[in-house]
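Just work30.cif here, mmCIF, C-alpha atoms and all ligand atoms:
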```cif
data_input
loop_
_atom_site.label_atom_id
_atom_site.label_comp_id
_atom_site.auth_asym_id
_atom_site.auth_seq_id
_atom_site.Cartn_x
_atom_site.Cartn_y
_atom_site.Cartn_z
CA MET A 1 -33.28 -28.22 -5.57
CA LYS A 2 -32.95 -32.06 -5.40
CA GLU A 3 -34.52 -32.17 -8.90
CA PHE A 4 -31.91 -29.69 -10.18
CA LEU A 5 -29.04 -31.77 -8.77
CA THR A 6 -30.12 -34.92 -10.67
CA HIS A 7 -29.33 -33.05 -13.90
CA ILE A 8 -25.66 -32.69 -12.97
CA LYS A 9 -23.80 -35.20 -15.14
CA ASP A 10 -20.43 -35.15 -13.35
CA GLU A 11 -20.83 -37.54 -10.43
CA PHE A 12 -18.16 -35.94 -8.23
CA LEU A 13 -19.79 -32.54 -8.75
CA ARG A 14 -23.27 -33.92 -8.01
CA ARG A 15 -22.06 -35.56 -4.78
CA THR A 16 -20.32 -32.33 -3.78
CA ALA A 17 -23.51 -30.34 -4.37
CA GLU A 18 -25.49 -32.87 -2.33
CA LYS A 19 -23.02 -32.49 0.53
CA VAL A 20 -23.59 -28.73 0.52
CA CYS A 21 -27.35 -29.23 0.64
CA GLU A 22 -26.95 -31.63 3.55
CA GLY A 23 -24.77 -29.18 5.47
CA GLU A 24 -21.61 -31.29 5.27
CA ARG A 25 -18.15 -29.72 5.16
CA LEU A 26 -16.32 -29.75 1.81
CA SER A 27 -12.75 -30.98 1.41
CA PRO A 28 -10.22 -28.76 -0.40
CA ALA A 29 -10.59 -30.99 -3.51
CA GLU A 30 -14.36 -30.45 -3.47
CA GLY A 31 -13.91 -26.70 -3.04
CA LEU A 32 -11.57 -26.70 -6.01
CA LEU A 33 -14.11 -28.64 -8.06
CA LEU A 34 -16.72 -25.95 -7.43
CA TYR A 35 -14.33 -23.27 -8.64
CA GLU A 36 -13.42 -25.26 -11.74
CA LYS A 37 -16.59 -27.01 -12.80
CA ALA A 38 -19.75 -25.67 -11.18
CA SER A 39 -22.04 -23.50 -13.31
CA LEU A 40 -22.85 -20.04 -11.92
CA SER A 41 -26.50 -21.04 -11.54
CA LEU A 42 -25.53 -24.04 -9.40
CA LEU A 43 -23.20 -21.85 -7.34
CA ALA A 44 -25.97 -19.30 -6.83
CA MET A 45 -28.32 -21.98 -5.51
CA LEU A 46 -25.77 -23.65 -3.26
CA SER A 47 -24.37 -20.45 -1.79
CA ASP A 48 -27.86 -19.08 -1.20
CA THR A 49 -28.75 -22.30 0.61
CA VAL A 50 -25.77 -21.83 2.92
CA ARG A 51 -26.35 -18.08 3.46
CA ARG A 52 -30.04 -18.67 4.33
CA ARG A 53 -29.08 -21.45 6.74
CA LEU A 54 -26.74 -19.02 8.53
CA ASN A 55 -28.43 -15.66 8.13
CA GLY A 56 -31.95 -16.18 6.82
CA ASP A 57 -33.18 -13.24 4.74
CA ILE A 58 -31.09 -10.66 6.56
CA VAL A 59 -28.48 -8.48 4.89
CA PHE A 60 -26.40 -6.52 7.38
CA PHE A 61 -24.84 -3.09 7.14
CA ASN A 62 -23.30 -0.77 9.69
CA CYS A 63 -22.95 2.97 10.08
CA ASN A 64 -19.25 3.63 10.03
CA PHE A 65 -16.46 5.87 8.84
CA HIS A 66 -12.78 5.33 8.15
CA ILE A 67 -9.58 6.98 9.28
CA GLU A 68 -6.44 6.26 7.28
CA PRO A 69 -3.70 7.65 9.56
CA THR A 70 -0.96 7.60 6.92
CA ASN A 71 -0.06 6.20 3.52
CA ILE A 72 3.66 6.25 4.34
CA CYS A 73 4.68 2.61 4.49
CA ILE A 74 7.77 0.49 4.98
CA ASN A 75 6.32 -2.20 2.73
CA ASN A 76 6.36 -2.17 -1.03
CA CYS A 77 3.47 -4.36 -2.12
CA LEU A 78 3.13 -4.64 -5.86
CA PHE A 79 -0.67 -4.33 -5.74
CA CYS A 80 -0.66 -1.12 -3.72
CA SER A 81 -1.55 2.21 -5.36
CA TYR A 82 -1.64 4.12 -2.13
CA ARG A 83 1.74 3.78 -0.49
CA ARG A 84 4.23 6.67 -0.60
CA LYS A 85 7.66 7.28 0.88
CA ALA A 86 7.97 9.94 3.60
CA GLY A 87 8.09 13.40 1.99
CA GLU A 88 6.98 12.13 -1.42
CA PRO A 89 4.21 14.13 -3.15
CA GLY A 90 0.83 12.62 -2.27
CA SER A 91 1.97 11.28 1.11
CA TRP A 92 0.08 12.09 4.29
CA GLU A 93 0.55 11.47 8.01
CA TYR A 94 -2.19 12.78 10.26
CA SER A 95 -1.39 13.81 13.80
CA ILE A 96 -3.51 12.51 16.67
CA ASP A 97 -5.19 15.92 16.94
CA GLU A 98 -6.08 15.86 13.25
CA MET A 99 -7.55 12.35 13.55
CA LEU A 100 -9.56 13.42 16.57
CA GLU A 101 -10.96 16.30 14.51
CA THR A 102 -12.19 13.72 11.98
CA VAL A 103 -13.90 11.80 14.79
CA LYS A 104 -15.50 15.03 16.03
CA LYS A 105 -17.00 15.71 12.60
CA PHE A 106 -19.26 12.71 13.29
CA ASP A 107 -20.32 13.87 16.76
CA SER A 108 -23.87 14.65 15.73
CA LYS A 109 -24.17 11.72 13.33
CA HIS A 110 -25.43 8.20 13.86
CA VAL A 111 -22.26 6.10 13.51
CA THR A 112 -21.35 3.07 15.62
CA GLU A 113 -17.88 2.18 14.34
CA VAL A 114 -14.65 3.80 13.21
CA HIS A 115 -12.41 1.66 11.01
CA ILE A 116 -8.76 2.72 11.31
CA THR A 117 -6.07 1.33 9.03
CA GLY A 118 -3.28 2.62 6.84
CA GLY A 119 0.39 2.26 5.95
CA VAL A 120 3.11 0.94 8.25
CA HIS A 121 4.77 4.21 9.22
CA PRO A 122 8.46 3.66 10.12
CA SER A 123 8.57 5.93 13.17
CA ARG A 124 5.16 5.43 14.76
CA ASP A 125 5.08 2.99 17.65
CA ILE A 126 2.59 1.43 20.05
CA ILE A 127 2.68 4.49 22.33
CA PHE A 128 1.42 6.66 19.46
CA TYR A 129 -1.36 4.23 18.54
CA CYS A 130 -2.40 3.61 22.17
CA GLU A 131 -2.72 7.37 22.60
CA LEU A 132 -4.82 7.62 19.43
CA ILE A 133 -7.20 4.85 20.54
CA LYS A 134 -7.41 6.20 24.10
CA ARG A 135 -8.30 9.72 22.95
CA ILE A 136 -10.97 8.50 20.52
CA HIS A 137 -12.40 6.19 23.19
CA ASN A 138 -12.46 8.94 25.82
CA HIS A 139 -14.10 11.35 23.39
CA ARG A 140 -16.87 8.92 22.31
CA PRO A 141 -16.89 5.78 24.50
CA GLY A 142 -19.86 4.24 22.62
CA LEU A 143 -18.00 4.24 19.31
CA SER A 144 -16.56 0.84 18.47
CA ILE A 145 -12.91 1.07 17.38
CA LYS A 146 -11.96 -1.48 14.73
CA ALA A 147 -8.32 -0.79 14.13
CA PHE A 148 -5.01 -1.88 12.63
CA SER A 149 -4.38 -4.77 10.29
CA ALA A 150 -2.10 -7.56 11.49
CA ILE A 151 0.65 -5.95 9.38
CA GLU A 152 0.48 -2.65 11.30
CA LEU A 153 0.24 -4.57 14.59
CA ASP A 154 3.24 -6.75 13.74
CA TYR A 155 5.41 -3.66 13.16
CA MET A 156 4.26 -1.73 16.23
CA PHE A 157 4.77 -4.73 18.53
CA SER A 158 8.20 -5.61 17.10
CA LYS A 159 9.34 -1.96 17.20
CA SER A 160 8.41 -1.77 20.89
CA GLY A 161 9.85 -5.21 21.76
CA LEU A 162 6.44 -6.55 22.80
CA SER A 163 4.97 -10.00 22.33
CA ILE A 164 1.71 -10.22 20.37
CA GLU A 165 -0.18 -10.83 23.59
CA GLU A 166 1.38 -7.89 25.43
CA GLY A 167 0.75 -5.50 22.55
CA LEU A 168 -2.86 -6.54 22.04
CA LYS A 169 -3.59 -6.29 25.76
CA MET A 170 -2.27 -2.71 25.79
CA LEU A 171 -4.44 -1.71 22.83
CA LYS A 172 -7.50 -3.43 24.27
CA GLU A 173 -7.07 -1.58 27.55
CA CYS A 174 -7.05 1.70 25.61
CA GLY A 175 -10.34 0.87 23.88
CA LEU A 176 -9.62 -1.30 20.83
CA SER A 177 -12.66 -3.47 20.17
CA SER A 178 -11.85 -5.48 17.05
CA ILE A 179 -9.32 -5.99 14.28
CA PRO A 180 -9.97 -5.54 10.55
CA GLY A 181 -9.06 -8.27 8.09
CA GLY A 182 -6.40 -6.53 6.02
CA GLY A 183 -2.95 -7.77 5.12
CA ALA A 184 -3.91 -11.41 4.61
CA GLU A 185 -3.48 -11.05 0.81
CA ILE A 186 -2.75 -14.65 -0.23
CA PHE A 187 -1.20 -16.98 2.34
CA ASP A 188 0.65 -19.22 -0.13
CA GLU A 189 4.28 -18.30 0.60
CA ASN A 190 5.40 -18.42 -3.00
CA ILE A 191 2.69 -16.05 -4.29
CA ARG A 192 2.97 -13.84 -1.20
CA ASN A 193 6.66 -13.44 -1.77
CA LYS A 194 6.02 -12.31 -5.33
CA ILE A 195 3.23 -9.78 -4.68
CA CYS A 196 4.40 -8.41 -1.33
CA PRO A 197 8.01 -9.43 -0.65
CA GLY A 198 9.21 -8.92 2.92
CA LYS A 199 5.72 -8.37 4.32
CA THR A 200 4.57 -9.97 7.61
CA SER A 201 4.42 -13.72 7.02
CA SER A 202 1.19 -15.68 6.70
CA GLU A 203 2.13 -17.60 9.84
CA ARG A 204 2.48 -14.37 11.84
CA TRP A 205 -0.77 -12.92 10.39
CA LEU A 206 -2.58 -16.02 11.61
CA ALA A 207 -0.80 -15.96 15.00
CA ILE A 208 -1.86 -12.33 15.58
CA HIS A 209 -5.50 -13.14 14.84
CA GLU A 210 -5.39 -16.31 16.94
CA THR A 211 -3.99 -14.39 19.91
CA ALA A 212 -6.57 -11.64 19.46
CA HIS A 213 -9.39 -14.18 19.51
CA ARG A 214 -7.98 -15.74 22.67
CA LEU A 215 -8.00 -12.29 24.31
CA GLY A 216 -11.63 -11.71 23.32
CA ILE A 217 -10.89 -9.42 20.38
CA PRO A 218 -12.84 -10.56 17.32
CA SER A 219 -11.55 -9.94 13.83
CA ASN A 220 -12.19 -10.25 10.09
CA ALA A 221 -10.19 -11.93 7.36
CA THR A 222 -9.63 -10.81 3.78
CA MET A 223 -8.31 -12.47 0.64
CA LEU A 224 -6.86 -10.47 -2.24
CA TYR A 225 -7.75 -12.37 -5.42
CA GLY A 226 -7.66 -11.98 -9.16
CA HIS A 227 -3.92 -11.34 -9.77
CA ILE A 228 -1.27 -14.09 -10.17
CA GLU A 229 -2.85 -16.62 -7.82
CA ASN A 230 -4.87 -19.62 -8.98
CA TYR A 231 -7.83 -21.51 -7.49
CA ASN A 232 -5.52 -23.82 -5.50
CA HIS A 233 -4.04 -20.81 -3.74
CA ARG A 234 -7.48 -19.44 -2.89
CA ILE A 235 -8.60 -22.78 -1.45
CA ASP A 236 -5.35 -23.06 0.53
CA HIS A 237 -5.93 -19.52 1.88
CA MET A 238 -9.47 -20.32 2.97
CA GLU A 239 -8.48 -23.65 4.45
CA ARG A 240 -5.91 -22.00 6.72
CA LEU A 241 -8.64 -19.59 7.86
CA ARG A 242 -11.19 -22.36 8.34
CA ASN A 243 -8.73 -24.32 10.49
CA LEU A 244 -8.02 -21.31 12.68
CA GLN A 245 -11.72 -20.53 12.99
CA ASP A 246 -12.33 -24.13 14.13
CA ARG A 247 -9.91 -23.48 16.99
CA THR A 248 -11.08 -20.02 18.07
CA GLY A 249 -14.44 -19.02 16.55
CA GLY A 250 -13.16 -15.43 16.64
CA PHE A 251 -13.66 -14.40 13.01
CA ASN A 252 -16.81 -12.44 12.24
CA ALA A 253 -16.58 -12.00 8.49
CA PHE A 254 -14.65 -13.08 5.44
CA ILE A 255 -14.05 -10.32 2.88
CA PRO A 256 -12.85 -11.23 -0.62
CA LEU A 257 -11.07 -8.22 -2.14
CA LYS A 258 -10.82 -8.14 -5.92
CA TYR A 259 -7.44 -6.88 -7.10
CA LYS A 260 -7.76 -3.45 -8.79
CA LYS A 261 -5.10 -2.61 -11.29
CA HIS A 262 -4.75 1.16 -11.50
CA ASN A 263 -1.52 2.92 -10.55
CA ASN A 264 0.32 -0.11 -9.22
CA PRO A 265 3.09 -2.38 -10.55
CA LEU A 266 0.92 -5.52 -10.76
CA SER A 267 -1.38 -4.00 -13.38
CA TYR A 268 -0.05 -6.26 -16.16
CA THR A 269 -2.25 -9.05 -14.74
CA GLY A 270 -5.44 -7.12 -15.56
CA GLU A 271 -8.60 -7.55 -13.50
CA VAL A 272 -11.03 -10.44 -13.32
CA ASN A 273 -14.62 -9.88 -14.42
CA ILE A 274 -17.86 -9.82 -12.40
CA LEU A 275 -18.64 -13.48 -13.18
CA GLU A 276 -15.38 -14.45 -11.51
CA ASP A 277 -16.24 -12.23 -8.53
CA LEU A 278 -19.59 -13.98 -8.13
CA ARG A 279 -17.99 -17.42 -8.47
CA ASN A 280 -15.51 -16.45 -5.80
CA TYR A 281 -18.19 -15.16 -3.37
CA ALA A 282 -20.18 -18.34 -3.82
CA VAL A 283 -17.28 -20.76 -3.28
CA ALA A 284 -16.12 -18.76 -0.26
CA ARG A 285 -19.62 -18.86 1.27
CA ILE A 286 -19.83 -22.63 0.74
CA PHE A 287 -16.27 -23.56 1.73
CA LEU A 288 -15.98 -21.33 4.83
CA ASP A 289 -18.82 -23.10 6.62
CA ASN A 290 -17.69 -21.82 10.04
CA PHE A 291 -17.55 -18.12 9.13
CA PRO A 292 -20.83 -16.51 10.15
CA HIS A 293 -20.66 -13.67 7.61
CA LEU A 294 -19.48 -12.95 4.08
CA LYS A 295 -18.92 -9.29 3.38
CA ALA A 296 -19.28 -7.68 -0.06
CA TYR A 297 -17.24 -4.53 0.31
CA TRP A 298 -19.23 -2.23 -1.96
CA PRO A 299 -16.71 0.64 -2.40
CA MET A 300 -14.50 -1.89 -4.14
CA LEU A 301 -17.18 -3.74 -6.09
CA GLY A 302 -19.49 -0.88 -6.96
CA LYS A 303 -23.11 -0.71 -5.82
CA GLU A 304 -24.60 -2.77 -8.65
CA ASN A 305 -22.11 -5.61 -8.33
CA ALA A 306 -22.48 -5.59 -4.55
CA ARG A 307 -26.21 -6.05 -5.12
CA LEU A 308 -25.50 -9.08 -7.35
CA SER A 309 -23.18 -10.60 -4.76
CA LEU A 310 -26.16 -10.89 -2.38
CA SER A 311 -27.45 -13.72 -4.57
CA PHE A 312 -24.08 -15.49 -4.29
CA GLY A 313 -23.76 -15.82 -0.53
CA ALA A 314 -22.91 -12.32 0.71
CA ASP A 315 -24.95 -11.17 3.72
CA ASP A 316 -23.09 -8.00 4.72
CA LEU A 317 -22.46 -4.80 2.75
CA ASP A 318 -20.07 -3.21 5.28
CA GLY A 319 -21.23 0.34 5.86
CA THR A 320 -22.27 3.82 4.96
CA ILE A 321 -18.51 4.73 4.99
CA GLU A 322 -19.10 8.46 4.44
CA ASP A 323 -16.46 9.02 1.79
CA THR A 324 -13.58 8.45 4.20
CA THR A 325 -11.42 5.86 2.45
CA LYS A 326 -8.87 6.33 -0.33
CA ILE A 327 -7.19 2.92 -0.54
CA TYR A 328 -9.46 1.62 -3.31
CA SER A 329 -10.28 4.80 -5.19
CA MET A 330 -6.52 5.22 -5.75
CA ALA A 331 -6.43 1.70 -7.26
CA GLY A 332 -9.29 2.45 -9.65
CA ALA A 333 -12.21 1.08 -7.64
CA ALA A 334 -15.76 1.48 -8.89
CA GLU A 335 -16.64 4.13 -6.30
CA THR A 336 -14.45 7.22 -6.35
CA ASN A 337 -16.19 8.93 -3.41
CA PRO A 338 -17.73 6.01 -1.51
CA SER A 339 -20.73 7.02 0.56
CA MET A 340 -24.23 5.59 0.92
CA SER A 341 -27.03 6.99 3.03
CA ILE A 342 -29.03 4.59 5.21
CA GLU A 343 -31.98 5.05 2.81
CA GLU A 344 -29.84 4.10 -0.17
CA ILE A 345 -28.25 1.05 1.42
CA THR A 346 -31.56 -0.28 2.79
CA GLY A 347 -33.27 0.39 -0.57
CA LEU A 348 -30.57 -1.55 -2.38
CA ILE A 349 -30.98 -4.50 0.02
CA ARG A 350 -34.79 -4.48 -0.17
CA GLN A 351 -34.85 -4.32 -3.97
CA SER A 352 -32.73 -7.48 -3.97
CA GLY A 353 -35.37 -9.30 -1.93
CA TYR A 354 -33.68 -9.25 1.49
CA ILE A 355 -34.37 -7.63 4.85
CA PRO A 356 -31.91 -4.87 5.78
CA ALA A 357 -30.61 -4.87 9.34
CA GLU A 358 -28.26 -2.34 10.88
CA ARG A 359 -25.64 -4.18 12.92
CA ASP A 360 -22.93 -3.22 15.36
CA THR A 361 -19.30 -4.36 15.02
CA PHE A 362 -20.16 -7.71 16.60
CA TYR A 363 -23.18 -8.37 14.35
CA ASN A 364 -25.76 -7.68 17.04
CA ILE A 365 -28.79 -6.29 15.27
CA ILE A 366 -29.39 -2.65 16.22
CA ARG A 367 -32.57 -2.35 14.13
CA GLU A 368 -34.31 -4.01 11.22
CA LEU A 369 -35.46 -1.45 8.68
O1 LIG I 1 -4.75 -5.86 2.77
C1 LIG I 1 -4.73 -2.94 -1.36
C2 LIG I 1 -6.27 -4.54 -0.17
C3 LIG I 1 -6.56 -4.41 2.09
C4 LIG I 1 -5.50 -3.12 -3.38
O2 LIG I 1 -12.07 -5.87 8.07
C5 LIG I 1 -6.30 -3.88 -2.52
O3 LIG I 1 -13.99 -4.96 7.69
C6 LIG I 1 -7.58 -4.52 -4.28
O4 LIG I 1 -8.42 -5.11 4.75
N1 LIG I 1 -6.84 -3.84 -5.17
C7 LIG I 1 -6.85 -3.46 3.24
N2 LIG I 1 -7.34 -4.57 -2.97
C8 LIG I 1 -8.35 -3.20 3.44
C9 LIG I 1 -9.03 -4.22 4.27
C10 LIG I 1 -10.50 -4.14 4.58
C11 LIG I 1 -11.37 -3.53 3.71
C12 LIG I 1 -12.72 -3.48 4.05
C13 LIG I 1 -13.20 -4.00 5.23
C14 LIG I 1 -12.30 -4.61 6.08
C15 LIG I 1 -12.80 -5.18 7.36
C16 LIG I 1 -10.95 -4.69 5.77
O5 LIG I 1 -6.84 -3.76 0.85
C17 LIG I 1 -5.15 -4.84 1.91
C18 LIG I 1 -5.16 -5.35 0.47
O6 LIG I 1 -5.51 -6.69 0.42
N3 LIG I 1 -5.79 -3.76 -1.30
N4 LIG I 1 -4.55 -2.53 -2.64
C19 LIG I 1 -5.79 -3.13 -4.78
N5 LIG I 1 -5.03 -2.48 -5.67
#
```
Is it possible to give me this structure as structure tokens?
Ligand code: V47
Amino acid sequence: MKEFLTHIKDEFLRRTAEKVCEGERLSPAEGLLLYEKASLSLLAMLSDTVRRRLNGDIVFFNCNFHIEPTNICINNCLFCSYRRKAGEPGSWEYSIDEMLETVKKFDSKHVTEVHITGGVHPSRDIIFYCELIKRIHNHRPGLSIKAFSAIELDYMFSKSGLSIEEGLKMLKECGLSSIPGGGAEIFDENIRNKICPGKTSSERWLAIHETAHRLGIPSNATMLYGHIENYNHRIDHMERLRNLQDRTGGFNAFIPLKYKKHNNPLSYTGEVNILEDLRNYAVARIFLDNFPHLKAYWPMLGKENARLSLSFGADDLDGTIEDTTKIYSMAGAAETNPSMSIEEITGLIRQSGYIPAERDTFYNIIREL
């Protein structure tokens, strides 16, 4: 590795690469330099160094399924292919009984987590969602409930006149165990205002996660990239997350989400290619030195590209999913019916030279396979 670094002509880039090898934190300017000037081969080496330092040879996955309670949403995000108005063709709003039926379909299956997220329904409040969580928890207490993006939480708390802390405490008492990373999009206020005007602010997104961490509820963070943002915006996004993580340590995983262009008003931007995806995984792995895990969300990337991402810092493939999510297939994602058996997911990890480990929501290893 040292030998390889001596061939880097740009002195600033060489020094930056040396810092990564020595385990030193990068400044935003150094992160930007990696995006702009580092070759993919250098990024592969540096990000793999960081991922091995944090996670050795392990690649995690979990056994999970999704529930998307509704696609009716008060927001009108330009990147969204999924949102419908109430009563519009293609809209859905599952009752609590219907969602419990979905949970029951997994009664005889090995799953450890249900991931619940969807649109911000105008008339559903915290009482509805507490009831949903409570009934799932009572039905299967061992199932971890990862539910509601900060955007859904913001609306249900405001609608019920609750502070963030009060609302989160209520949900936790009903059985909520963690919070997914959705709704972060891009924190830069100017870009955010263009791609999702009127949506929960970046400041409030961060405040909800910070409060959750303080209450012992871990969470994830996403970044929607590859539309009208530039590298500065991505670094700014990750820096805000890194600062919060320094204060709380409550984030488990960072999940870059590549913008998919089908059936939404932002499609004129096109989509970035796989090389850009790999560059982005690598810089994220290197820059977010205090995030324990980097998740390659395979339904979005496709199985082959998810496999490639493992050589660019990713150590988590999310889960078996069981064909229960529509948010990406409606936007033209690689996988139209996302589902992977345990054999398939572990085979994919092994063929890439890593050791597969089934994890729970909190990244405790359930079994190495
Ligand atoms: O916030 C919506 C994204 C997110 C598109 O925490 C799109 O484990 C690309 O947050 N192209 C919601 N992305 C999903 C999410 C998530 C996914 C997987 C795992 C976890 C986790 C969280 O989906 C939204 C938005 O950024 N999204 N539309 C689109 N056209």
Skip stretch 26-39 of chain A itself and residues of its chain fewer than 6 positions away, then list as an mmCIF file with C-alpha atoms, keeping the file's coordinate frame all residues within 12 Å of it, counting only C-alpha atoms.
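What landed in result38.cif:
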```cif
data_model
loop_
_atom_site.group_PDB
_atom_site.id
_atom_site.type_symbol
_atom_site.label_atom_id
_atom_site.label_comp_id
_atom_site.auth_asym_id
_atom_site.auth_seq_id
_atom_site.Cartn_x
_atom_site.Cartn_y
_atom_site.Cartn_z
ATOM 1 C CA LEU A 5 -29.040 -31.770 -8.770
ATOM 2 C CA ILE A 8 -25.660 -32.690 -12.970
ATOM 3 C CA LYS A 9 -23.800 -35.200 -15.140
ATOM 4 C CA ASP A 10 -20.430 -35.150 -13.350
ATOM 5 C CA GLU A 11 -20.830 -37.540 -10.430
ATOM 6 C CA PHE A 12 -18.160 -35.940 -8.230
ATOM 7 C CA LEU A 13 -19.790 -32.540 -8.750
ATOM 8 C CA ARG A 14 -23.270 -33.920 -8.010
ATOM 9 C CA ARG A 15 -22.060 -35.560 -4.780
ATOM 10 C CA THR A 16 -20.320 -32.330 -3.780
ATOM 11 C CA ALA A 17 -23.510 -30.340 -4.370
ATOM 12 C CA GLU A 18 -25.490 -32.870 -2.330
ATOM 13 C CA LYS A 19 -23.020 -32.490 0.530
ATOM 14 C CA VAL A 20 -23.590 -28.730 0.520
ATOM 15 C CA MET A 45 -28.320 -21.980 -5.510
ATOM 16 C CA LEU A 46 -25.770 -23.650 -3.260
ATOM 17 C CA SER A 47 -24.370 -20.450 -1.790
ATOM 18 C CA ASN A 230 -4.870 -19.620 -8.980
ATOM 19 C CA TYR A 231 -7.830 -21.510 -7.490
ATOM 20 C CA ASN A 232 -5.520 -23.820 -5.500
ATOM 21 C CA HIS A 233 -4.040 -20.810 -3.740
ATOM 22 C CA ARG A 234 -7.480 -19.440 -2.890
ATOM 23 C CA ILE A 235 -8.600 -22.780 -1.450
ATOM 24 C CA ASP A 236 -5.350 -23.060 0.530
ATOM 25 C CA HIS A 237 -5.930 -19.520 1.880
ATOM 26 C CA MET A 238 -9.470 -20.320 2.970
ATOM 27 C CA GLU A 239 -8.480 -23.650 4.450
ATOM 28 C CA ARG A 240 -5.910 -22.000 6.720
ATOM 29 C CA ARG A 242 -11.190 -22.360 8.340
ATOM 30 C CA ASN A 243 -8.730 -24.320 10.490
ATOM 31 C CA LEU A 275 -18.640 -13.480 -13.180
ATOM 32 C CA GLU A 276 -15.380 -14.450 -11.510
ATOM 33 C CA ASP A 277 -16.240 -12.230 -8.530
ATOM 34 C CA LEU A 278 -19.590 -13.980 -8.130
ATOM 35 C CA ARG A 279 -17.990 -17.420 -8.470
ATOM 36 C CA ASN A 280 -15.510 -16.450 -5.800
ATOM 37 C CA TYR A 281 -18.190 -15.160 -3.370
ATOM 38 C CA ALA A 282 -20.180 -18.340 -3.820
ATOM 39 C CA VAL A 283 -17.280 -20.760 -3.280
ATOM 40 C CA ALA A 284 -16.120 -18.760 -0.260
ATOM 41 C CA ARG A 285 -19.620 -18.860 1.270
ATOM 42 C CA ILE A 286 -19.830 -22.630 0.740
ATOM 43 C CA PHE A 287 -16.270 -23.560 1.730
ATOM 44 C CA LEU A 288 -15.980 -21.330 4.830
ATOM 45 C CA ASP A 289 -18.820 -23.100 6.620
ATOM 46 C CA ASN A 290 -17.690 -21.820 10.040
#
```
Produce as a VMD selection string the set of residues near ligand LIG 1 (chain I), where near means within 8 Å with all atoms listed in the file considered.
chain A and resid 79 to 82 115 117 to 118 146 149 179 to 185 219 to 225 253 255 257 to 262 264 295 297 300 318 327 to 328 330 to 333
Return as lines of an AutoDock Vina configuration file the box centre and box size in Å, one decimal, for an axis-aligned box around all listed atoms of stretch 277-293 of chain A padded by 6 Å per side.
```
center_x = -18.2
center_y = -17.9
center_z = 0.8
size_x = 17.3
size_y = 23.3
size_z = 30.7
```
Atom-to-atom span, atom CA of A:Gln245 and atom CA of A:Thr200, Å:
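Atom-to-atom, atom CA of A:Gln245 to atom CA of A:Thr200, that is 20.1 Å.
From atom CA of A:Phe157 back to atom CA of A:Tyr129, the distance works out to 10.9 Å.
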Would you mind telling me which residue in A:Pro265, A:Ile127, A:Ile164, A:Ala150 lies nearest to A:Ser202 when using all atoms listed in the file?
A:Ala150
Of the residues A:Asn364, A:Asn273, A:Asn305, A:Thr248, which is the one nearest to A:Leu348, using all atoms listed in the file?
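Closest to A:Leu348 of all the choices is A:Asn305.
The list of residues within 8 Å of (2.1, -6.2, -10.7), counted using all atoms listed in the file, is A:Leu78, A:Phe79, A:Ile195, A:His227, A:Asn264, A:Pro265, A:Leu266, A:Ser267, A:Tyr268, A:Thr269.
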By how many Å are atom CA of A:Met99 and atom CA of A:Thr112 apart?
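Going from atom CA of A:Met99 over to atom CA of A:Thr112 covers 16.8 Å.
Closest approach to A:Glu22 from the set A:Asp188, A:Phe4, A:Leu206, A:Val50 is made by A:Val50, with distances taken over only C-alpha atoms.
Closest approach to A:Asp315 among A:Glu3, A:Glu189, A:Asp57, A:Glu68 is made by A:Asp57 (distances from all atoms listed in the file).
Ranking A:Pro218, A:His139, A:Val120, A:Leu369 by their shortest atom-to-atom distance to A:Glu101, with all atoms listed in the file included, puts A:His139 first.
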Can you tell me which residues surround A:Ile349 at a distance of at most 12 Å, considering only C-alpha atoms, apart from same-chain residues fewer than 2 positions away, and format the answer as JSON, numbers by chain?
{"A": [57, 58, 59, 60, 61, 303, 304, 306, 307, 308, 309, 310, 311, 314, 315, 316, 317, 342, 343, 344, 345, 346, 347, 351, 352, 353, 354, 355, 356, 357, 358, 368, 369]}
